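The data block below is my_file-v6.tsv; it holds TSV, C-alpha atoms and all ligand atoms.
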```tsv
chain	number	residue	atom	x	y	z
A	1	MET	CA	205.12	83.28	163.19
A	2	LYS	CA	207.25	85.80	161.37
A	3	PHE	CA	210.79	86.41	162.54
A	4	HIS	CA	212.30	89.85	162.61
A	5	GLU	CA	215.03	90.58	160.11
A	6	TYR	CA	217.80	90.19	162.69
A	7	GLN	CA	216.41	86.82	163.79
A	8	SER	CA	216.00	85.69	160.19
A	9	LYS	CA	219.59	86.67	159.41
A	10	ASP	CA	220.88	84.80	162.47
A	11	LEU	CA	219.12	81.67	161.28
A	12	LEU	CA	220.36	81.96	157.71
A	13	GLU	CA	223.91	82.72	158.83
A	14	ARG	CA	223.96	79.32	160.54
A	15	TYR	CA	223.44	77.83	157.08
A	16	GLY	CA	226.33	79.75	155.61
A	17	VAL	CA	224.32	82.48	153.90
A	18	ALA	CA	226.34	85.71	153.67
A	19	VAL	CA	224.67	88.49	155.67
A	20	PRO	CA	226.04	91.93	156.63
A	21	ALA	CA	227.68	92.07	160.05
A	22	GLY	CA	225.46	93.81	162.57
A	23	LYS	CA	223.76	93.94	165.92
A	24	ALA	CA	220.20	94.49	167.09
A	25	THR	CA	219.32	96.60	170.09
A	26	SER	CA	216.27	97.94	171.86
A	27	ASP	CA	218.40	100.58	173.60
A	28	VAL	CA	218.77	103.52	171.27
A	29	LYS	CA	221.75	104.83	173.27
A	30	GLU	CA	223.80	101.82	172.18
A	31	VAL	CA	223.69	102.75	168.50
A	32	THR	CA	226.75	105.01	168.43
A	33	GLN	CA	228.94	102.28	169.89
A	34	ILE	CA	227.55	99.54	167.63
A	35	ALA	CA	228.01	101.77	164.61
A	36	GLU	CA	231.61	102.55	165.66
A	37	GLU	CA	232.36	98.85	166.02
A	38	LEU	CA	231.05	98.34	162.48
A	39	GLY	CA	233.26	101.09	161.08
A	40	GLY	CA	230.79	103.96	161.12
A	41	LYS	CA	229.35	103.46	157.65
A	42	VAL	CA	226.18	101.58	158.54
A	43	VAL	CA	222.48	101.13	157.88
A	44	VAL	CA	219.97	101.66	160.70
A	45	LYS	CA	216.94	99.42	160.23
A	46	ALA	CA	213.63	99.37	162.09
A	47	GLN	CA	212.75	95.86	163.27
A	48	VAL	CA	209.02	95.75	162.69
A	49	LEU	CA	207.10	92.93	161.06
A	50	MET	CA	206.14	94.60	157.84
A	51	GLY	CA	207.46	94.96	154.31
A	52	GLY	CA	208.34	98.25	152.70
A	53	ARG	CA	210.16	99.64	155.73
A	54	GLY	CA	212.46	101.51	153.38
A	55	LYS	CA	209.61	103.47	151.82
A	56	ALA	CA	208.07	104.03	155.25
A	57	GLY	CA	211.25	105.71	156.52
A	58	GLY	CA	212.47	102.77	158.60
A	59	VAL	CA	215.75	102.10	156.76
A	60	LYS	CA	218.42	104.81	156.82
A	61	LEU	CA	221.95	104.87	155.51
A	62	ALA	CA	224.57	106.63	157.61
A	63	SER	CA	228.15	107.53	156.79
A	64	SER	CA	229.28	107.99	160.39
A	65	ALA	CA	228.42	106.71	163.86
A	66	ALA	CA	227.10	110.15	164.77
A	67	GLU	CA	224.77	110.16	161.79
A	68	ALA	CA	223.66	106.61	162.63
A	69	GLN	CA	222.78	107.81	166.13
A	70	GLN	CA	220.70	110.66	164.67
A	71	HIS	CA	218.79	108.25	162.42
A	72	ALA	CA	218.28	105.86	165.32
A	73	ASN	CA	216.87	108.61	167.54
A	74	GLU	CA	214.45	109.50	164.79
A	75	ILE	CA	213.31	105.95	163.97
A	76	MET	CA	213.06	104.47	167.47
A	77	GLY	CA	209.55	104.74	168.86
A	78	LYS	CA	208.20	105.97	165.56
A	79	LYS	CA	205.08	104.46	164.03
A	80	LEU	CA	205.80	103.05	160.59
A	81	ILE	CA	202.84	102.96	158.25
A	82	SER	CA	202.49	100.89	155.07
A	83	ILE	CA	199.62	99.92	152.79
A	84	GLN	CA	199.40	96.52	154.51
A	85	ASN	CA	199.67	98.14	157.96
A	86	PRO	CA	197.60	101.33	157.80
A	87	GLU	CA	197.42	101.50	161.60
A	88	GLY	CA	201.20	101.41	161.76
A	89	LEU	CA	203.69	99.45	163.85
A	90	THR	CA	205.80	101.09	166.55
A	91	VAL	CA	209.55	100.59	166.31
A	92	GLU	CA	210.92	99.07	169.50
A	93	LYS	CA	214.07	97.51	168.15
A	94	LEU	CA	216.75	98.54	165.68
A	95	LEU	CA	219.21	96.54	163.67
A	96	VAL	CA	222.48	98.28	162.86
A	97	VAL	CA	224.42	96.65	160.02
A	98	GLU	CA	227.55	97.44	158.07
A	99	GLN	CA	226.64	99.28	154.91
A	100	ILE	CA	227.43	97.41	151.74
A	101	ASP	CA	228.03	98.98	148.33
A	102	ILE	CA	225.23	97.57	146.24
A	103	ALA	CA	225.70	97.20	142.48
A	104	GLU	CA	222.54	95.22	141.76
A	105	GLU	CA	219.51	93.96	143.68
A	106	TYR	CA	217.98	90.54	143.05
A	107	TYR	CA	215.10	88.63	144.60
A	108	LEU	CA	215.07	85.14	146.08
A	109	SER	CA	212.41	83.28	148.01
A	110	VAL	CA	211.44	79.78	149.05
A	111	LEU	CA	207.85	78.89	149.82
A	112	LEU	CA	205.38	76.07	149.56
A	113	ASP	CA	203.37	75.47	146.42
A	114	ARG	CA	200.41	73.74	148.03
A	115	ALA	CA	198.73	72.80	144.77
A	116	ARG	CA	201.82	70.96	143.55
A	117	GLN	CA	202.88	69.78	147.00
A	118	LYS	CA	206.39	70.98	146.41
A	119	LEU	CA	208.67	73.70	147.55
A	120	VAL	CA	209.14	76.46	145.05
A	121	VAL	CA	212.16	78.73	144.73
A	122	MET	CA	211.46	82.10	143.11
A	123	ILE	CA	214.32	83.89	141.46
A	124	SER	CA	214.34	87.31	139.87
A	125	ALA	CA	216.98	89.70	138.64
A	126	GLU	CA	214.54	92.51	139.44
A	127	GLY	CA	214.80	92.66	143.21
A	128	GLY	CA	214.71	95.53	145.67
A	129	MET	CA	211.33	96.98	144.83
A	130	ASP	CA	207.92	95.46	145.38
A	131	ILE	CA	208.06	91.95	144.02
A	132	GLU	CA	204.26	91.98	143.78
A	133	GLU	CA	204.60	94.74	141.24
A	134	VAL	CA	207.10	92.70	139.20
A	135	ALA	CA	204.79	89.67	139.45
A	136	GLU	CA	201.94	91.75	138.12
A	137	LYS	CA	203.59	93.79	135.39
A	138	ASN	CA	206.41	91.55	134.34
A	139	PRO	CA	205.69	87.99	135.55
A	140	GLU	CA	208.21	86.38	133.21
A	141	ALA	CA	210.94	88.15	135.18
A	142	ILE	CA	210.29	85.74	138.06
A	143	VAL	CA	211.57	82.23	137.48
A	144	LYS	CA	210.01	79.44	139.52
A	145	LEU	CA	211.96	76.31	140.36
A	146	HIS	CA	209.99	73.50	141.98
A	147	VAL	CA	211.76	71.23	144.41
A	148	ASN	CA	210.63	67.69	144.83
A	149	PRO	CA	210.92	67.02	148.57
A	150	ALA	CA	211.88	63.39	147.94
A	151	TRP	CA	214.73	64.11	145.53
A	152	GLY	CA	215.95	67.51	146.60
A	153	LEU	CA	217.77	69.79	144.19
A	154	SER	CA	220.53	69.06	141.77
A	155	ASP	CA	223.09	71.72	140.93
A	156	TYR	CA	222.29	71.73	137.25
A	157	GLU	CA	218.58	72.52	137.69
A	158	VAL	CA	219.38	75.35	140.09
A	159	ARG	CA	221.99	76.66	137.65
A	160	ASN	CA	219.48	76.49	134.79
A	161	ALA	CA	216.90	78.44	136.76
A	162	VAL	CA	219.46	81.08	137.77
A	163	GLN	CA	220.52	81.51	134.14
A	164	GLN	CA	216.93	81.64	133.01
A	165	ALA	CA	216.35	84.47	135.51
A	166	LYS	CA	219.16	86.37	133.74
A	167	ILE	CA	221.32	86.69	136.82
A	168	PRO	CA	224.69	87.99	135.55
A	169	LYS	CA	227.44	85.43	135.14
A	170	GLN	CA	229.63	86.76	137.94
A	171	ALA	CA	226.83	86.19	140.48
A	172	GLN	CA	225.55	82.85	139.22
A	173	ASN	CA	227.76	80.49	141.23
A	174	GLN	CA	227.15	82.34	144.46
A	175	MET	CA	223.42	82.39	143.83
A	176	VAL	CA	223.29	78.64	143.16
A	177	GLN	CA	225.03	78.06	146.49
A	178	MET	CA	222.76	80.51	148.29
A	179	ILE	CA	219.62	78.85	146.93
A	180	LYS	CA	220.79	75.45	148.13
A	181	LYS	CA	221.43	76.87	151.59
A	182	LEU	CA	218.02	78.54	151.69
A	183	VAL	CA	216.25	75.33	150.71
A	184	LYS	CA	218.15	73.44	153.41
A	185	ALA	CA	217.28	76.09	156.01
A	186	TYR	CA	213.66	76.01	154.86
A	187	SER	CA	213.37	72.23	155.13
A	188	GLU	CA	215.11	71.94	158.49
A	189	ASN	CA	213.22	74.73	160.23
A	190	ASP	CA	209.53	74.14	159.47
A	191	ALA	CA	209.60	77.35	157.49
A	192	GLU	CA	206.61	78.70	155.60
A	193	LEU	CA	208.56	81.41	153.84
A	194	ILE	CA	212.12	82.54	153.35
A	195	GLU	CA	212.53	85.72	151.37
A	196	ILE	CA	215.70	87.63	150.50
A	197	ASN	CA	214.93	91.02	148.98
A	198	PRO	CA	217.28	92.47	148.07
A	199	CYS	CA	219.76	89.71	147.51
A	200	ALA	CA	222.53	92.19	146.79
A	201	LEU	CA	225.50	91.94	144.49
A	202	THR	CA	228.16	94.25	145.90
A	203	THR	CA	230.43	96.40	143.76
A	204	ASP	CA	233.25	94.01	144.67
A	205	GLY	CA	231.30	91.00	143.43
A	206	ARG	CA	229.92	89.40	146.60
A	207	LEU	CA	226.34	88.16	146.88
A	208	ILE	CA	224.83	89.16	150.24
A	209	ALA	CA	221.39	88.80	151.82
A	210	ALA	CA	220.83	92.51	152.53
A	211	ASP	CA	217.33	91.87	153.85
A	212	ALA	CA	215.83	88.60	155.09
A	213	LYS	CA	212.41	87.46	156.08
A	214	VAL	CA	211.71	84.05	157.62
A	215	ALA	CA	208.31	82.83	158.76
A	216	VAL	CA	207.86	79.46	160.44
A	217	ASP	CA	204.83	77.32	161.04
A	218	ASP	CA	203.27	78.25	164.40
A	219	SER	CA	203.03	74.57	165.31
A	220	ALA	CA	206.84	74.44	165.33
A	221	LEU	CA	207.37	77.39	167.66
A	222	PHE	CA	208.57	75.19	170.51
A	223	ARG	CA	211.75	74.65	168.49
A	224	TYR	CA	212.64	78.33	168.51
A	225	LYS	CA	213.00	79.16	172.18
A	226	ASP	CA	216.62	80.11	171.46
A	227	LEU	CA	215.91	82.28	168.43
A	228	ALA	CA	212.80	84.25	169.27
A	229	GLU	CA	213.40	85.70	172.74
A	230	SER	CA	209.77	85.04	173.27
A	231	ALA	CA	207.20	84.06	170.72
A	232	SER	CA	205.01	86.96	171.76
A	233	ASP	CA	207.78	89.39	170.88
A	234	SER	CA	207.08	88.74	167.23
A	235	TYR	CA	203.33	89.09	167.23
A	236	SER	CA	202.09	92.38	165.94
A	237	ASP	CA	198.73	91.99	167.70
A	238	PRO	CA	198.86	92.24	171.51
A	239	ILE	CA	195.95	89.82	172.06
A	240	GLU	CA	197.51	87.23	169.75
A	241	ALA	CA	200.74	87.68	171.67
A	242	GLU	CA	198.95	87.05	174.96
A	243	ALA	CA	197.17	84.02	173.45
A	244	SER	CA	200.54	82.61	172.46
A	245	ASN	CA	201.81	83.07	176.03
A	246	ARG	CA	198.75	81.23	177.31
A	247	GLY	CA	199.04	78.49	174.70
A	248	ILE	CA	195.62	79.28	173.21
A	249	ALA	CA	194.91	78.94	169.49
A	250	TYR	CA	193.55	82.42	168.77
A	251	VAL	CA	193.48	84.59	165.66
A	252	ARG	CA	192.17	88.12	165.82
A	253	LEU	CA	189.77	89.23	163.10
A	254	ASP	CA	188.16	92.58	162.48
A	255	GLY	CA	184.57	91.77	163.41
A	256	ASP	CA	182.75	92.29	166.68
A	257	ILE	CA	181.27	88.95	167.73
A	258	ALA	CA	183.71	86.86	169.75
A	259	VAL	CA	183.74	83.13	169.12
A	260	ILE	CA	184.84	80.38	171.46
A	261	GLY	CA	184.51	76.78	170.37
A	262	ASN	CA	186.24	73.46	170.60
A	263	GLY	CA	187.90	72.01	167.54
A	264	ALA	CA	189.15	74.15	164.63
A	265	GLY	CA	186.41	72.89	162.29
A	266	LEU	CA	183.60	73.71	164.67
A	267	VAL	CA	185.03	77.18	165.32
A	268	MET	CA	185.24	77.87	161.58
A	269	CYS	CA	181.65	76.66	161.13
A	270	SER	CA	180.62	79.02	163.92
A	271	MET	CA	182.31	81.90	162.15
A	272	ASP	CA	180.54	81.01	158.91
A	273	GLU	CA	177.19	80.84	160.69
A	274	ILE	CA	177.74	84.24	162.25
A	275	LYS	CA	178.54	85.62	158.80
A	276	SER	CA	175.44	84.12	157.21
A	277	ALA	CA	173.34	85.47	160.06
A	278	GLY	CA	174.61	88.95	159.14
A	279	GLY	CA	177.32	89.34	161.79
A	280	ASN	CA	181.11	89.59	161.78
A	281	PRO	CA	183.34	87.29	163.85
A	282	ALA	CA	185.91	89.09	166.02
A	283	ASN	CA	188.22	86.13	166.33
A	284	PHE	CA	188.99	82.48	165.91
A	285	LEU	CA	189.49	80.66	169.23
A	286	ASP	CA	189.80	76.93	169.72
A	287	VAL	CA	189.71	75.94	173.43
A	288	GLY	CA	191.09	72.54	172.51
A	289	GLY	CA	189.99	69.13	173.74
A	290	GLY	CA	189.03	68.37	177.34
A	291	ALA	CA	188.71	72.06	178.23
A	292	GLN	CA	188.71	72.42	182.01
A	293	GLU	CA	187.25	75.27	184.02
A	294	ASP	CA	190.50	77.28	184.26
A	295	ARG	CA	191.10	76.99	180.56
A	296	VAL	CA	187.64	78.32	179.72
A	297	ILE	CA	188.11	81.23	182.13
A	298	SER	CA	191.37	82.06	180.42
A	299	CYS	CA	189.71	81.92	176.97
A	300	VAL	CA	186.76	84.13	177.93
A	301	ASP	CA	189.17	86.57	179.54
A	302	LEU	CA	191.26	86.59	176.36
A	303	VAL	CA	188.46	87.34	173.86
A	304	MET	CA	187.18	90.07	176.20
A	305	MET	CA	190.50	91.92	175.77
A	306	ASP	CA	189.22	92.95	172.36
A	307	LYS	CA	187.34	96.13	173.15
A	308	ASN	CA	185.39	95.97	169.85
A	309	ILE	CA	183.30	92.99	170.78
A	310	LYS	CA	179.56	93.35	171.12
A	311	GLY	CA	178.65	89.73	171.81
A	312	LEU	CA	180.07	86.30	172.57
A	313	PHE	CA	179.14	83.06	170.87
A	314	ILE	CA	180.15	79.86	172.62
A	315	ASN	CA	179.86	76.68	170.59
A	316	ILE	CA	180.88	73.43	172.26
A	317	PHE	CA	180.52	69.90	171.09
A	318	GLY	CA	181.32	67.60	173.99
A	319	GLY	CA	183.06	64.42	173.04
A	320	ILE	CA	186.07	64.11	175.30
A	321	THR	CA	185.15	67.51	176.65
A	322	ARG	CA	182.39	67.26	179.23
A	323	CYS	CA	179.87	70.02	178.58
A	324	ASP	CA	179.14	70.52	182.28
A	325	GLU	CA	182.86	71.24	182.89
A	326	VAL	CA	182.71	73.87	180.17
A	327	ALA	CA	179.50	75.32	181.60
A	328	LYS	CA	181.16	75.59	185.03
A	329	GLY	CA	184.07	77.36	183.42
A	330	ILE	CA	181.82	79.80	181.65
A	331	LEU	CA	179.86	80.55	184.81
A	332	ALA	CA	183.01	80.94	186.90
A	333	ALA	CA	184.50	83.23	184.29
A	334	PHE	CA	181.39	85.39	184.23
A	335	GLU	CA	181.31	85.56	188.02
A	336	ARG	CA	184.87	86.86	188.11
A	337	MET	CA	184.60	89.22	185.20
A	338	ASN	CA	182.42	92.12	184.48
A	339	VAL	CA	180.82	90.84	181.28
A	340	ASN	CA	178.32	93.34	179.99
A	341	ILE	CA	177.70	91.93	176.53
A	342	PRO	CA	175.18	89.30	175.42
A	343	VAL	CA	176.36	85.69	175.46
A	344	VAL	CA	174.76	82.81	173.59
A	345	ALA	CA	175.87	79.22	174.10
A	346	ARG	CA	175.18	76.15	172.01
A	347	ILE	CA	176.30	73.13	173.94
A	348	GLU	CA	175.84	69.64	172.59
A	349	GLY	CA	177.21	66.18	173.40
A	350	THR	CA	178.54	64.53	176.56
A	351	ALA	CA	176.70	65.85	179.63
A	352	ALA	CA	174.97	68.58	177.60
A	353	GLU	CA	171.78	68.39	179.65
A	354	GLU	CA	173.68	68.91	182.89
A	355	ALA	CA	175.41	71.85	181.25
A	356	MET	CA	172.17	73.47	180.17
A	357	GLU	CA	170.82	73.03	183.69
A	358	LEU	CA	173.88	74.75	185.14
A	359	LEU	CA	173.43	77.69	182.79
A	360	ASN	CA	169.77	77.98	183.61
A	361	GLY	CA	169.04	81.26	185.35
A	362	SER	CA	172.36	82.80	184.33
A	363	LYS	CA	172.63	85.60	181.77
A	364	ILE	CA	173.92	83.15	179.20
A	365	VAL	CA	171.28	82.39	176.57
A	366	PRO	CA	171.20	78.70	175.64
A	367	GLU	CA	170.34	77.66	172.10
A	368	ALA	CA	169.85	74.14	170.80
A	369	THR	CA	171.31	74.54	167.30
A	370	MET	CA	174.36	76.24	165.87
A	371	GLN	CA	172.32	78.18	163.31
A	372	GLY	CA	169.81	79.24	165.96
A	373	ALA	CA	172.61	80.33	168.27
A	374	ALA	CA	174.35	82.31	165.55
A	375	LYS	CA	171.12	84.12	164.66
A	376	LYS	CA	170.45	84.84	168.33
A	377	ILE	CA	173.87	86.31	169.06
A	378	VAL	CA	173.74	88.51	165.97
A	379	GLU	CA	170.28	89.72	166.98
A	380	LEU	CA	171.32	90.47	170.58
A	381	SER	CA	174.70	91.99	169.70
A	382	TYR	CA	173.40	94.52	167.22
A	383	ALA	CA	170.21	95.28	169.16
A	401	LIG	P1	212.36	96.80	153.30
A	401	LIG	O1	212.04	98.10	152.65
A	401	LIG	O2	211.53	96.57	154.51
A	401	LIG	O3	212.26	95.66	152.34
A	401	LIG	O4	213.87	96.91	153.82
A	401	LIG	P2	215.25	96.52	153.10
A	401	LIG	O5	216.14	95.92	154.11
A	401	LIG	O6	215.01	95.69	151.89
A	401	LIG	O7	215.88	97.91	152.68
A	401	LIG	C1	215.29	98.74	151.71
A	401	LIG	C2	216.30	99.23	150.71
A	401	LIG	O8	217.36	99.90	151.38
A	401	LIG	C3	216.99	98.12	149.92
A	401	LIG	O9	216.25	97.72	148.82
A	401	LIG	C4	218.28	98.78	149.55
A	401	LIG	O10	218.13	99.50	148.35
A	401	LIG	C5	218.55	99.74	150.66
A	401	LIG	N1	219.62	99.19	151.52
A	401	LIG	C6	219.48	98.37	152.58
A	401	LIG	N2	220.69	98.03	153.07
A	401	LIG	C7	221.61	98.65	152.32
A	401	LIG	C8	223.05	98.70	152.31
A	401	LIG	O11	223.75	98.08	153.11
A	401	LIG	N3	223.63	99.46	151.35
A	401	LIG	C9	222.92	100.16	150.43
A	401	LIG	N4	223.56	100.87	149.53
A	401	LIG	N5	221.58	100.14	150.40
A	401	LIG	C10	220.93	99.40	151.32
A	402	MN	MN	213.43	94.22	151.64
```
Represent the structure from my file as C-alpha cells, please.
Ligand code: GDP
Ligand code: MN
Amino acid sequence: MKFHEYQSKDLLERYGVAVPAGKATSDVKEVTQIAEELGGKVVVKAQVLMGGRGKAGGVKLASSAAEAQQHANEIMGKKLISIQNPEGLTVEKLLVVEQIDIAEEYYLSVLLDRARQKLVVMISAEGGMDIEEVAEKNPEAIVKLHVNPAWGLSDYEVRNAVQQAKIPKQAQNQMVQMIKKLVKAYSENDAELIEINPCALTTDGRLIAADAKVAVDDSALFRYKDLAESASDSYSDPIEAEASNRGIAYVRLDGDIAVIGNGAGLVMCSMDEIKSAGGNPANFLDVGGGAQEDRVISCVDLVMMDKNIKGLFINIFGGITRCDEVAKGILAAFERMNVNIPVVARIEGTAAEEAMELLNGSKIVPEATMQGAAKKIVELSYA
C-alpha cells in the first residue's frame, strides 16, 4: 500500500527527518486558517497517489493565505491526470505546508534490490524532475549504495556514496544523516519504497524532505492502523479498497474474465490459462484456505462489482477446503445475486464429487480440467 505524502512525512518525521511544517485537510474551507497558522507563504498540495502532481497542476505555491485558499478551491475535487494515470485521480485531500526557499533539488530513495537481496539507497544530485528520465539519459548521475541487512551501514560508505553523487559539501553531512534515518525507517516499517524527491537544500543551507513517498508491504498493513486512517483510504481502485475492507486478497486487472481460486499459485495458473485460451483476466482473487459459504459469497459479490466482466472462472483445489462447502457458497451467492454472465467451475480434491453433484442443474458449467475450464469460459464469455 502506498501512503499519501502527508502520511509518509508523518512517518519520516518520527525518525528525525526534516519535513516542512504543515497540515492535511479534506475540508477546503480550513485552508485559509491553516495557511495563516503557517505564516501565509505556503504550498498547497493535492494528496493523490500518483507522481508528477506538480506537472498535473496539483502543487501550487502561494504567497498569502488568501492565495492559498484560491489554489485550494481550484485543486480540491479536480481530476489530476498523468501518463501513469490517464483516467485521472480525484483530489479529496490537501496538504498545506510552509513554503521553503529551495536552492537545489536532490533525489533520495531506498528500495529492495531483489536480485542482490539487499536494500539499495539511490542518491542523485539531479532531483526534482522525473528520475526515470535521469536514469535513462544520464544513469551515472544516480549513485547506488547497497546495504547489507546483516551489517547495516557505516558512516564512511554513506559519505563516499554522497560524495560520489556530487552532492555539494555544505549538504553532505545532513544527507548522510538523512540516509541513515531513511534506512532505519525502511527496515522498521516493512517498507517497499521510500522516496524523497525533491530532497531540497534551502537557501539557508538546510536539507529538507520537500516531498515524500512511502509504500509498505500489504502484508504489514495491520501495523498501520494509527497512520492510515483506513487502509482503503489509500487505494486508488474502489474495488481493491472494498477487498481490503473485507480482508480479501484481490488485485484488479484490465481484462474481462473474473477469476476466483484458492491459493495464489492456482489463481495465477488460472490467469495464465485464460490468457492462453485467448481471454483476459479481470482480476486476481485468492479466497484463501478453508473458504466457507459466507466467504465465497463475499468473493463472488466482490468480483461482480467490476462492470467490465463478461464471465467468471472458479478454480478450486480442495485440500483443507472442502469442495462441497465452496459449491454451496457459489450456489448461495448466485441465488442472492442477479448473475447474468456465464460461470465455469473446475473443482478438484476433497469432496469434489459431492460438489459437482450440488452444482448439477445450476447455471454453473462444471469442467474437469483447468485448461478445459479456461477454454470453456473464454468461449462462453466472448460468444
Ligand atoms: P510531485 O510533482 O508529485 O513530485 O510533487 P512535489 O511535492 O515533488 O512538488 C513538485 C515541485 O514543486 C517540486 O519539485 C518543487 O520544485 C516544487 N515545490 C514543492 N514544494 C515547494 C516549496 O516549499 N518551495 C518551493 N520553492 N518549491 C516547492
Ligand atoms: Mn516529487
Q) To one decimal place, how far is CA of Leu108 (chain A) from CA of Val121 (chain A) in Å? A)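 About the pair CA of Leu108 (chain A) and CA of Val121 (chain A): they are 7.2 Å apart.
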(Q) Under the rule that only C-alpha atoms and all ligand atoms are counted, which of A:Pro139, A:Pro198, A:Pro86, A:Gly22 is the nearest residue to ligand MN 402 (chain A)? (A) A:Pro198
**Q.** Expected answer as a list in words: residues within 8 Å of ligand MN 402 (chain A), all atoms listed in the file
**A.**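 The distance check yields Gly51, Gly52, Arg53, Gly54, Gly128, Met129, Ile196, Asn197, Pro198, Ala210, Asp211 and Ala212 of chain A.
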Q: Using CA of Gly127 (chain A) and CA of Lys9 (chain A) as the two end points, give the distance in Å to one decimal.
A: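 Distance between the two atoms: 17.9 Å.
The neighbours of region 158-164 of chain A here are the residues that come within 7 Å of it, using all atoms listed in the file and leaving out any residue fewer than 6 positions away in the same chain; they are Ile123, Val143, Leu145, Gln172 and Val176 of chain A.
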Report the centre and edge lengths, in Å to one decimal, of an axis-aligned box enclosing every atom of ligand LIG 401 (chain A) listed in the file, padded by 6 Å on each side, as JSON.
```
{"center_x": 217.6, "center_y": 98.3, "center_z": 151.4, "size_x": 24.2, "size_y": 17.2, "size_z": 18.2}
```
(Q) Which residues are near Glu379 (chain A)? Cut-off 10 Å, only C-alpha atoms, ignore same chain within fewer than 3 positions. Put them as a list in words. (A)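 Counting only the stated atoms, we get Ala277, Gly278, Gly279, Gly311, Pro342, Ala373, Ala374, Lys375, Lys376, Tyr382 and Ala383 of chain A.
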Q: Tell me, in Å to one decimal, how far CA of Thr25 (chain A) is from CA of Glu104 (chain A).
A: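 Going from CA of Thr25 (chain A) over to CA of Glu104 (chain A) covers 28.5 Å.
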Q: Pick out the residues sitting within 6 Å of Asp286 (chain A), and hand them over as a list in words; count all atoms listed in the file, and ignore anything fewer than 2 positions along from it in its own chain.
A: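 Everything that qualifies: Ala249, Gly261, Asn262, Gly263, Ala264 and Gly288 of chain A.
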Those same residues, written as a compact mmCIF listing (two decimals), in the frame of the given file with C-alpha atoms?
```txt
# COMPACT_ATOMS: atom_id res chain seq x y z
CA ALA A 249 194.91 78.94 169.49
CA GLY A 261 184.51 76.78 170.37
CA ASN A 262 186.24 73.46 170.60
CA GLY A 263 187.90 72.01 167.54
CA ALA A 264 189.15 74.15 164.63
CA GLY A 288 191.09 72.54 172.51
```
